[in-house]
Amino acid sequence: MAADAKRPDGGRTPLVQLRGLTKSFGPVVAVRPLDLDIYAGDFFALLGPSGCGKTTLLRMIGGFTEPSGGTIAIDGVDVTRLGPEKRPTNMVFQGYGLFPHMTVRQNIGYGLRLARVAVAERAGRVERIMDLVRIAELAERRPDALSGGQAQRVALARALVMEPRVLLLDEPLAALDLKLRKQMQEELRRIHRQIGGTFVFVTHDQGEAMGLANRIAVMEAGSCVQEGGPEEIYRQPKTRFVSSFIGEANVLAGERRAGVVTLGAGAGFAEAGADGTVSVVVRPEDVRLDPGADAEIRLDGRLEDVVFLGPYTRYRVVLDSGEEVVVHAGDAAGQAVGERVAVGWRRDRQRLVQGS
Amino acid sequence: MLAPAAAVFAVLFVAPFAFLFVVSFWRVKTFKLRPDFTFDNYADTFTKYLEPLVFTMAIGFAIATLTTALAFAFAYVIRFKAGRHGNALLVVTLVTLFGGYLVKIYAWKTILGTEGILNSALLALGLVREPLTIFIYNPGAVVVTLTHFLLPLAVLPIYGSLRGVRDITLEAARDLGARPARVFLDVVLPQCLPGVTAAFAFCFLIAAGDYVTPRYVGGPYTSMIGNFIEGQFSLKFDWPSGAAMAFTMLGACLACVAVSRALLGLARPR
Ligand SMILES: Nc1ncnc2c1ncn2[C@@H]1O[C@H](COP(=O)(O)OP(=O)(O)OP(=O)(O)O)[C@@H](O)[C@H]1O
Ligand SMILES: [Mg+2]
């Protein structure tokens, strides 16, 4: 998890300000009016399922897609109507978009050439950035002679060398295999630490968002449903969607009447709020089998499945209500599949969200 | 697998070519071919036919340049600007190929001739009092006719290579600060250079080798080297001279194409 989970602003103005930003493609609303602040130094993740509008949002920030409404300000300057060539942003495209007719070195140096950076300085900066992303030995290769991971680094270097105020990355690691992805995540973190820029990246992989970002905006169907630090989003999901999208979560249906919540599975507790259906969300690692006295919520069921996963064991319990609860526990207790068991958790470990 | 292909290739392409090449060093006596080894035929070509040879190269160059430029504009619009109408445009372009070669020549005769559509229109509009004769029977008419004929053939390879240019590379260039003109010069053009070169070479070779178009719309003073070569083979029955002229023209054409290629290659980024 990123070290800096707290807001790095301290009252400063945001580097990127999105206000009422929206985009429709004909009848399809890809991004609903949305406000978002991104601060200098942030490693910011736009997280959401496929088709929720992440790419569209990122492309609007980069200037590739014209918004249907709203404004984008970077560094206090309204850039809504500016093309990508006039914005202080650079993009790492999902498909890399390397120039096939140029060598790696020419690809990386192209932006500096356009900016009329003197030859000697240009060469130095290209050299340094190639060292940073560890592709120095590929300098004379053409893009078609690169592996996916290498092409990805070249694309990253080509954007980074411009020293953009905001670096935009669209699913930068999606095409890589698991091992390479982990390695590149570490490199991205190292690079972000080393150069200290502002990164905004799109991903549908919650693990990647949690592992890289210090701020996460969770998107659902074109809207930003929650924004915050990784821990906040994990611990205090605002909606059922967020809770189930970020990590594994047990969601139990209940009903609130006059400040008392009664779960369909049996247990009840007092918690003030509007009457109606509610859901209780609790993480598998917060649920105990055979809970001790400190567990305010207790439910009975039957142990259905036990899987040993190394660091922890995963228990699947079917409650008497028919609902399922998954438990992650470090120490394998003696229960056998088919036995009656009790599960429970502390009140402060659960989240109550309105609706089902 | 390779052997049959090589055999077909040898019979269809290499053998006739090699035969003509050998013949170009022979002589003709009393309408009979006599094996020999003389460079006289080549010497004759340069002394007697230098002017039409140079003229042919020049007009071929003009036609190829014009056609390639127009075809590029057309293919560019189809690829980048026409959106989903692009395919319809492409089909229309290709359908004109079915018209055939002679049909196009006669079409232009009817348009450019003294009694043609163009003159009728000018007369009807009262812009001229007598039909103009400047439209046809000159090199310009040959250029117009051949350009029209070659255009779809040139659009194809250029469009093919433009399709290989991914949109994302254009966006990446803009992202790095390139204005539209720079995107075109630095990213689009270099990526489609093979297609452009192919189209140019193709147009040049066909235009320079043509002898039908000049005969129909070129008038008596627009004879291209092909017309003279045809004459050597058919009227004079002087195969060795005809062959020597054909190979000289081929050499000149390849040299022109090579020079053009080198010039185009300067567009590459450093
Ligand atoms: N050019 C376009 N024309 C029409 N609809 C589009 C266009 N681009 C995106 N959309 C639609 O907008 C919605 C959001 O698309 P977007 O590409 O932003 O999703 P995404 O979150 O990036 O998804 P993924 O994770 O699959 O890349 C989708 O419903 C998509 O079909
Ligand atoms: Mg996307």
# chains A, B, ... in the order shown; residues from 1 in each chain; ligands from 1

call {"tool": "residues_around", "arguments": {"residues": "segment 282-296 of chain A", "least_positions_apart": "4", "cutoff": "8 Å", "atoms": "only C-alpha atoms", "output": "list in words"}}
result
Glu248, Ala249, Asn250, Val251, Val325, Val326, Val327, His328, Ala329, Val341, Ala342, Val343, Gly344, Trp345, Arg346, Arg347, Arg349, Gln350 and Arg351 of chain A

call {"tool": "write_last_selection", "arguments": {"atoms": "C-alpha atoms", "output": "PDB file, in the first residue's frame"}}
result
ATOM      1  CA  GLU A 248     -13.830  -9.387  -1.017  1.00  0.00           C
ATOM      2  CA  ALA A 249     -16.815  -8.441   1.131  1.00  0.00           C
ATOM      3  CA  ASN A 250     -19.674 -10.190   2.863  1.00  0.00           C
ATOM      4  CA  VAL A 251     -22.934  -8.360   2.315  1.00  0.00           C
ATOM      5  CA  VAL A 325     -20.321 -15.618   4.867  1.00  0.00           C
ATOM      6  CA  VAL A 326     -16.675 -15.978   3.917  1.00  0.00           C
ATOM      7  CA  VAL A 327     -14.090 -15.973   6.687  1.00  0.00           C
ATOM      8  CA  HIS A 328     -10.358 -15.525   6.320  1.00  0.00           C
ATOM      9  CA  ALA A 329      -8.514 -16.776   9.356  1.00  0.00           C
ATOM     10  CA  VAL A 341     -20.304 -23.337  13.470  1.00  0.00           C
ATOM     11  CA  ALA A 342     -20.834 -19.829  14.772  1.00  0.00           C
ATOM     12  CA  VAL A 343     -19.425 -16.725  13.074  1.00  0.00           C
ATOM     13  CA  GLY A 344     -19.177 -13.260  14.522  1.00  0.00           C
ATOM     14  CA  TRP A 345     -17.496  -9.883  14.349  1.00  0.00           C
ATOM     15  CA  ARG A 346     -17.113  -6.633  16.202  1.00  0.00           C
ATOM     16  CA  ARG A 347     -19.540  -3.828  15.483  1.00  0.00           C
ATOM     17  CA  ARG A 349     -15.590  -3.767  11.844  1.00  0.00           C
ATOM     18  CA  GLN A 350     -18.806  -3.614   9.893  1.00  0.00           C
ATOM     19  CA  ARG A 351     -20.280  -0.933   7.639  1.00  0.00           C
TER      20      ARG A 351
END

call {"tool": "select_by_dssp", "arguments": {"residues": "segment 55-226 of chain A", "states": "strand (DSSP E or B)", "output": "PyMOL selection string"}}
result
chain A and resi 69-74+77-78+89-93+96+166-170+198-203+215-220+223-226

call {"tool": "residues_near_ligand", "arguments": {"ligand": "ligand 1", "cutoff": "10 Å", "atoms": "only C-alpha atoms and all ligand atoms", "output": "ChimeraX atom specification"}}
result
/A:23-31,46-60,65,94,170-171,174,202-205,219-222

call {"tool": "interface_residues", "arguments": {"of": "chain A", "to": "chain B", "cutoff": "6 Å", "atoms": "only C-alpha atoms", "output": "list of chain:residue names"}}
result
A:Pro84, A:Glu85, A:Asn90, A:Gly97, A:Gly111

call {"tool": "residues_around", "arguments": {"residues": "Leu66 of chain B", "least_positions_apart": "4", "cutoff": "9 Å", "atoms": "only C-alpha atoms", "output": "PyMOL selection string"}}
result
chain B and resi 61-62+70-71+143+147

call {"tool": "residues_around", "arguments": {"residues": "Thr198 of chain A", "least_positions_apart": "2", "cutoff": "7 Å", "atoms": "only C-alpha atoms", "output": "PyMOL selection string"}}
result
chain A and resi 40-43+165-167+196+200

call {"tool": "closest_residue", "arguments": {"among": "A:Gln354, A:Gln226, A:Thr239, A:Asn107", "to": "Val161 of chain A", "atoms": "only C-alpha atoms"}}
result
A:Asn107

call {"tool": "residues_around", "arguments": {"residues": "segment 156-159 of chain B", "least_positions_apart": "2", "cutoff": "8 Å", "atoms": "only C-alpha atoms", "output": "MDAnalysis selection string"}}
result
chainID B and resid 71:72 75:76 78:79 152:154 161:163 192 195:196 198:199

call {"tool": "write_last_selection", "arguments": {"atoms": "N, CA, C and O atoms", "output": "mmCIF file, in the first residue's frame"}}
result
data_model
loop_
_atom_site.group_PDB
_atom_site.id
_atom_site.type_symbol
_atom_site.label_atom_id
_atom_site.label_comp_id
_atom_site.auth_asym_id
_atom_site.auth_seq_id
_atom_site.Cartn_x
_atom_site.Cartn_y
_atom_site.Cartn_z
ATOM 1 N N ALA B 71 -3.935 10.841 -55.596
ATOM 2 C CA ALA B 71 -4.310 9.586 -54.953
ATOM 3 C C ALA B 71 -4.078 9.674 -53.459
ATOM 4 O O ALA B 71 -4.872 9.179 -52.656
ATOM 5 N N PHE B 72 -2.990 10.356 -53.071
ATOM 6 C CA PHE B 72 -2.706 10.484 -51.642
ATOM 7 C C PHE B 72 -3.818 11.278 -50.960
ATOM 8 O O PHE B 72 -4.330 10.880 -49.915
ATOM 9 N N ALA B 75 -6.878 9.025 -50.759
ATOM 10 C CA ALA B 75 -6.735 7.960 -49.773
ATOM 11 C C ALA B 75 -6.740 8.542 -48.363
ATOM 12 O O ALA B 75 -7.300 7.962 -47.435
ATOM 13 N N TYR B 76 -6.146 9.718 -48.212
ATOM 14 C CA TYR B 76 -6.089 10.354 -46.896
ATOM 15 C C TYR B 76 -7.486 10.696 -46.403
ATOM 16 O O TYR B 76 -7.834 10.450 -45.249
ATOM 17 N N ILE B 78 -10.262 9.265 -47.376
ATOM 18 C CA ILE B 78 -10.980 8.021 -47.087
ATOM 19 C C ILE B 78 -10.568 7.486 -45.718
ATOM 20 O O ILE B 78 -11.401 7.076 -44.913
ATOM 21 N N ARG B 79 -9.276 7.535 -45.428
ATOM 22 C CA ARG B 79 -8.788 6.927 -44.195
ATOM 23 C C ARG B 79 -9.096 7.772 -42.952
ATOM 24 O O ARG B 79 -9.470 7.262 -41.916
ATOM 25 N N PRO B 152 -7.183 5.306 -59.594
ATOM 26 C CA PRO B 152 -7.600 4.244 -58.663
ATOM 27 C C PRO B 152 -6.485 3.259 -58.382
ATOM 28 O O PRO B 152 -6.388 2.734 -57.263
ATOM 29 N N LEU B 153 -5.630 3.019 -59.375
ATOM 30 C CA LEU B 153 -4.534 2.072 -59.152
ATOM 31 C C LEU B 153 -3.532 2.616 -58.145
ATOM 32 O O LEU B 153 -2.864 1.856 -57.449
ATOM 33 N N ALA B 154 -3.433 3.937 -58.087
ATOM 34 C CA ALA B 154 -2.501 4.540 -57.129
ATOM 35 C C ALA B 154 -3.138 4.670 -55.751
ATOM 36 O O ALA B 154 -2.452 4.618 -54.734
ATOM 37 N N SER B 161 -1.387 1.391 -47.160
ATOM 38 C CA SER B 161 -0.371 1.744 -46.168
ATOM 39 C C SER B 161 -0.922 2.736 -45.143
ATOM 40 O O SER B 161 -0.519 2.723 -43.988
ATOM 41 N N LEU B 162 -1.877 3.581 -45.551
ATOM 42 C CA LEU B 162 -2.468 4.514 -44.579
ATOM 43 C C LEU B 162 -3.300 3.763 -43.543
ATOM 44 O O LEU B 162 -3.420 4.180 -42.401
ATOM 45 N N ARG B 163 -3.888 2.645 -43.977
ATOM 46 C CA ARG B 163 -4.663 1.863 -43.020
ATOM 47 C C ARG B 163 -3.774 1.293 -41.934
ATOM 48 O O ARG B 163 -4.233 1.019 -40.826
ATOM 49 N N CYS B 192 3.658 5.767 -44.254
ATOM 50 C CA CYS B 192 3.023 5.255 -45.473
ATOM 51 C C CYS B 192 3.935 5.408 -46.682
ATOM 52 O O CYS B 192 3.505 5.249 -47.820
ATOM 53 N N GLY B 195 3.932 2.626 -49.394
ATOM 54 C CA GLY B 195 2.776 2.663 -50.283
ATOM 55 C C GLY B 195 2.878 3.778 -51.305
ATOM 56 O O GLY B 195 2.554 3.600 -52.480
ATOM 57 N N VAL B 196 3.367 4.936 -50.857
ATOM 58 C CA VAL B 196 3.508 6.077 -51.765
ATOM 59 C C VAL B 196 4.545 5.760 -52.841
ATOM 60 O O VAL B 196 4.342 6.016 -54.031
ATOM 61 N N ALA B 198 5.449 2.815 -53.898
ATOM 62 C CA ALA B 198 4.910 1.799 -54.804
ATOM 63 C C ALA B 198 3.975 2.454 -55.819
ATOM 64 O O ALA B 198 4.063 2.188 -57.019
ATOM 65 N N ALA B 199 3.096 3.325 -55.339
ATOM 66 C CA ALA B 199 2.140 3.977 -56.233
ATOM 67 C C ALA B 199 2.870 4.809 -57.279
ATOM 68 O O ALA B 199 2.551 4.762 -58.467
#

call {"tool": "residues_around", "arguments": {"residues": "Val77 of chain A", "least_positions_apart": "5", "cutoff": "10 Å", "atoms": "only C-alpha atoms", "output": "list in words"}}
result
Leu15, Val16, Gln17, Ile72 and Arg87 of chain A

call {"tool": "residues_around", "arguments": {"residues": "Ala272 of chain A", "least_positions_apart": "6", "cutoff": "10 Å", "atoms": "only C-alpha atoms", "output": "PyMOL selection string"}}
result
chain A and resi 256-261

call {"tool": "atom_distance", "arguments": {"atom1": "atom CA of Asn119 of chain B", "atom2": "atom CA of Pro220 of chain B"}}
result
21.1 Å

call {"tool": "select_by_dssp", "arguments": {"residues": "segment 45-266 of chain A", "states": "alpha helix (DSSP H)", "output": "PyMOL selection string"}}
result
chain A and resi 54-62+104-114+119-132+148-160+178-195+206-212+230-235+240-245

call {"tool": "write_last_selection", "arguments": {"atoms": "C-alpha atoms", "output": "short mmCIF file (atom, residue, chain, number, x, y, z; two decimals), in the first residue's frame"}}
result
data_model
loop_
_atom_site.label_atom_id
_atom_site.label_comp_id
_atom_site.auth_asym_id
_atom_site.auth_seq_id
_atom_site.Cartn_x
_atom_site.Cartn_y
_atom_site.Cartn_z
CA LYS A 54 -12.53 5.73 -17.06
CA THR A 55 -10.82 6.04 -20.42
CA THR A 56 -13.23 8.74 -21.54
CA LEU A 57 -12.49 10.74 -18.39
CA LEU A 58 -8.73 10.36 -18.79
CA ARG A 59 -8.90 11.29 -22.48
CA MET A 60 -10.82 14.44 -21.59
CA ILE A 61 -8.08 15.42 -19.15
CA GLY A 62 -5.46 14.78 -21.85
CA VAL A 104 13.42 3.80 -29.20
CA ARG A 105 15.77 6.75 -28.80
CA GLN A 106 13.99 8.74 -31.52
CA ASN A 107 10.62 7.91 -30.01
CA ILE A 108 11.68 9.22 -26.63
CA GLY A 109 13.42 12.27 -28.04
CA TYR A 110 10.57 13.28 -30.36
CA GLY A 111 8.71 15.51 -27.90
CA LEU A 112 11.91 17.33 -26.91
CA ARG A 113 12.75 17.81 -30.59
CA LEU A 114 9.35 19.45 -31.12
CA VAL A 119 20.60 18.66 -29.21
CA ALA A 120 23.06 18.12 -26.37
CA GLU A 121 20.51 18.67 -23.63
CA ARG A 122 18.03 16.50 -25.47
CA ALA A 123 20.49 13.62 -25.70
CA GLY A 124 21.28 13.92 -22.00
CA ARG A 125 17.67 13.89 -20.92
CA VAL A 126 16.80 10.96 -23.17
CA GLU A 127 19.79 9.05 -21.78
CA ARG A 128 18.80 9.75 -18.18
CA ILE A 129 15.18 8.73 -18.66
CA MET A 130 16.23 5.52 -20.42
CA ASP A 131 18.37 4.69 -17.40
CA LEU A 132 15.48 5.49 -15.08
CA GLY A 148 5.19 -5.88 -24.37
CA GLY A 149 6.91 -4.91 -21.14
CA GLN A 150 9.73 -3.15 -22.97
CA ALA A 151 7.32 -1.24 -25.22
CA GLN A 152 5.44 -0.20 -22.11
CA ARG A 153 8.61 1.24 -20.58
CA VAL A 154 9.42 3.10 -23.79
CA ALA A 155 5.94 4.63 -23.81
CA LEU A 156 6.43 5.61 -20.18
CA ALA A 157 9.85 7.11 -20.91
CA ARG A 158 8.53 9.02 -23.90
CA ALA A 159 5.93 10.71 -21.72
CA LEU A 160 8.13 11.13 -18.63
CA LEU A 178 1.29 -11.15 -13.59
CA LYS A 179 5.00 -11.29 -12.81
CA LEU A 180 5.89 -8.42 -15.11
CA ARG A 181 2.92 -6.44 -13.81
CA LYS A 182 4.12 -6.72 -10.23
CA GLN A 183 7.60 -5.71 -11.32
CA MET A 184 6.31 -2.71 -13.29
CA GLN A 185 4.13 -1.64 -10.36
CA GLU A 186 7.22 -1.49 -8.22
CA GLU A 187 9.05 0.48 -10.90
CA LEU A 188 6.18 2.93 -11.25
CA ARG A 189 6.21 3.49 -7.51
CA ARG A 190 9.97 3.96 -7.53
CA ILE A 191 9.77 6.39 -10.47
CA HIS A 192 6.98 8.35 -8.82
CA ARG A 193 9.05 8.60 -5.65
CA GLN A 194 12.18 9.51 -7.55
CA ILE A 195 10.75 12.28 -9.76
CA GLN A 206 -8.54 -2.96 -7.52
CA GLY A 207 -5.34 -4.61 -6.32
CA GLU A 208 -3.33 -2.40 -8.66
CA ALA A 209 -5.18 0.72 -7.51
CA MET A 210 -4.63 -0.15 -3.86
CA GLY A 211 -0.99 -1.03 -4.46
CA LEU A 212 -0.05 2.10 -6.38
CA PRO A 230 -7.06 3.31 -0.25
CA GLU A 231 -7.63 2.44 3.37
CA GLU A 232 -10.63 4.73 3.67
CA ILE A 233 -12.20 3.17 0.60
CA TYR A 234 -11.49 -0.31 1.84
CA ARG A 235 -12.63 0.29 5.41
CA ARG A 240 -22.47 -1.75 -1.61
CA PHE A 241 -20.96 -1.48 -5.08
CA VAL A 242 -17.75 0.01 -3.70
CA SER A 243 -17.51 -2.59 -0.97
CA SER A 244 -17.87 -5.51 -3.34
CA PHE A 245 -15.66 -3.97 -6.02
#

call {"tool": "closest_residue", "arguments": {"among": "A:Arg12, A:Asp177, A:Pro100, A:Leu169", "to": "ligand 2", "atoms": "only C-alpha atoms and all ligand atoms"}}
result
A:Leu169

call {"tool": "closest_residue", "arguments": {"among": "B:Ala201, B:Leu50, B:Val103, B:Ile136", "to": "Ala258 of chain B", "atoms": "only C-alpha atoms"}}
result
B:Ala201
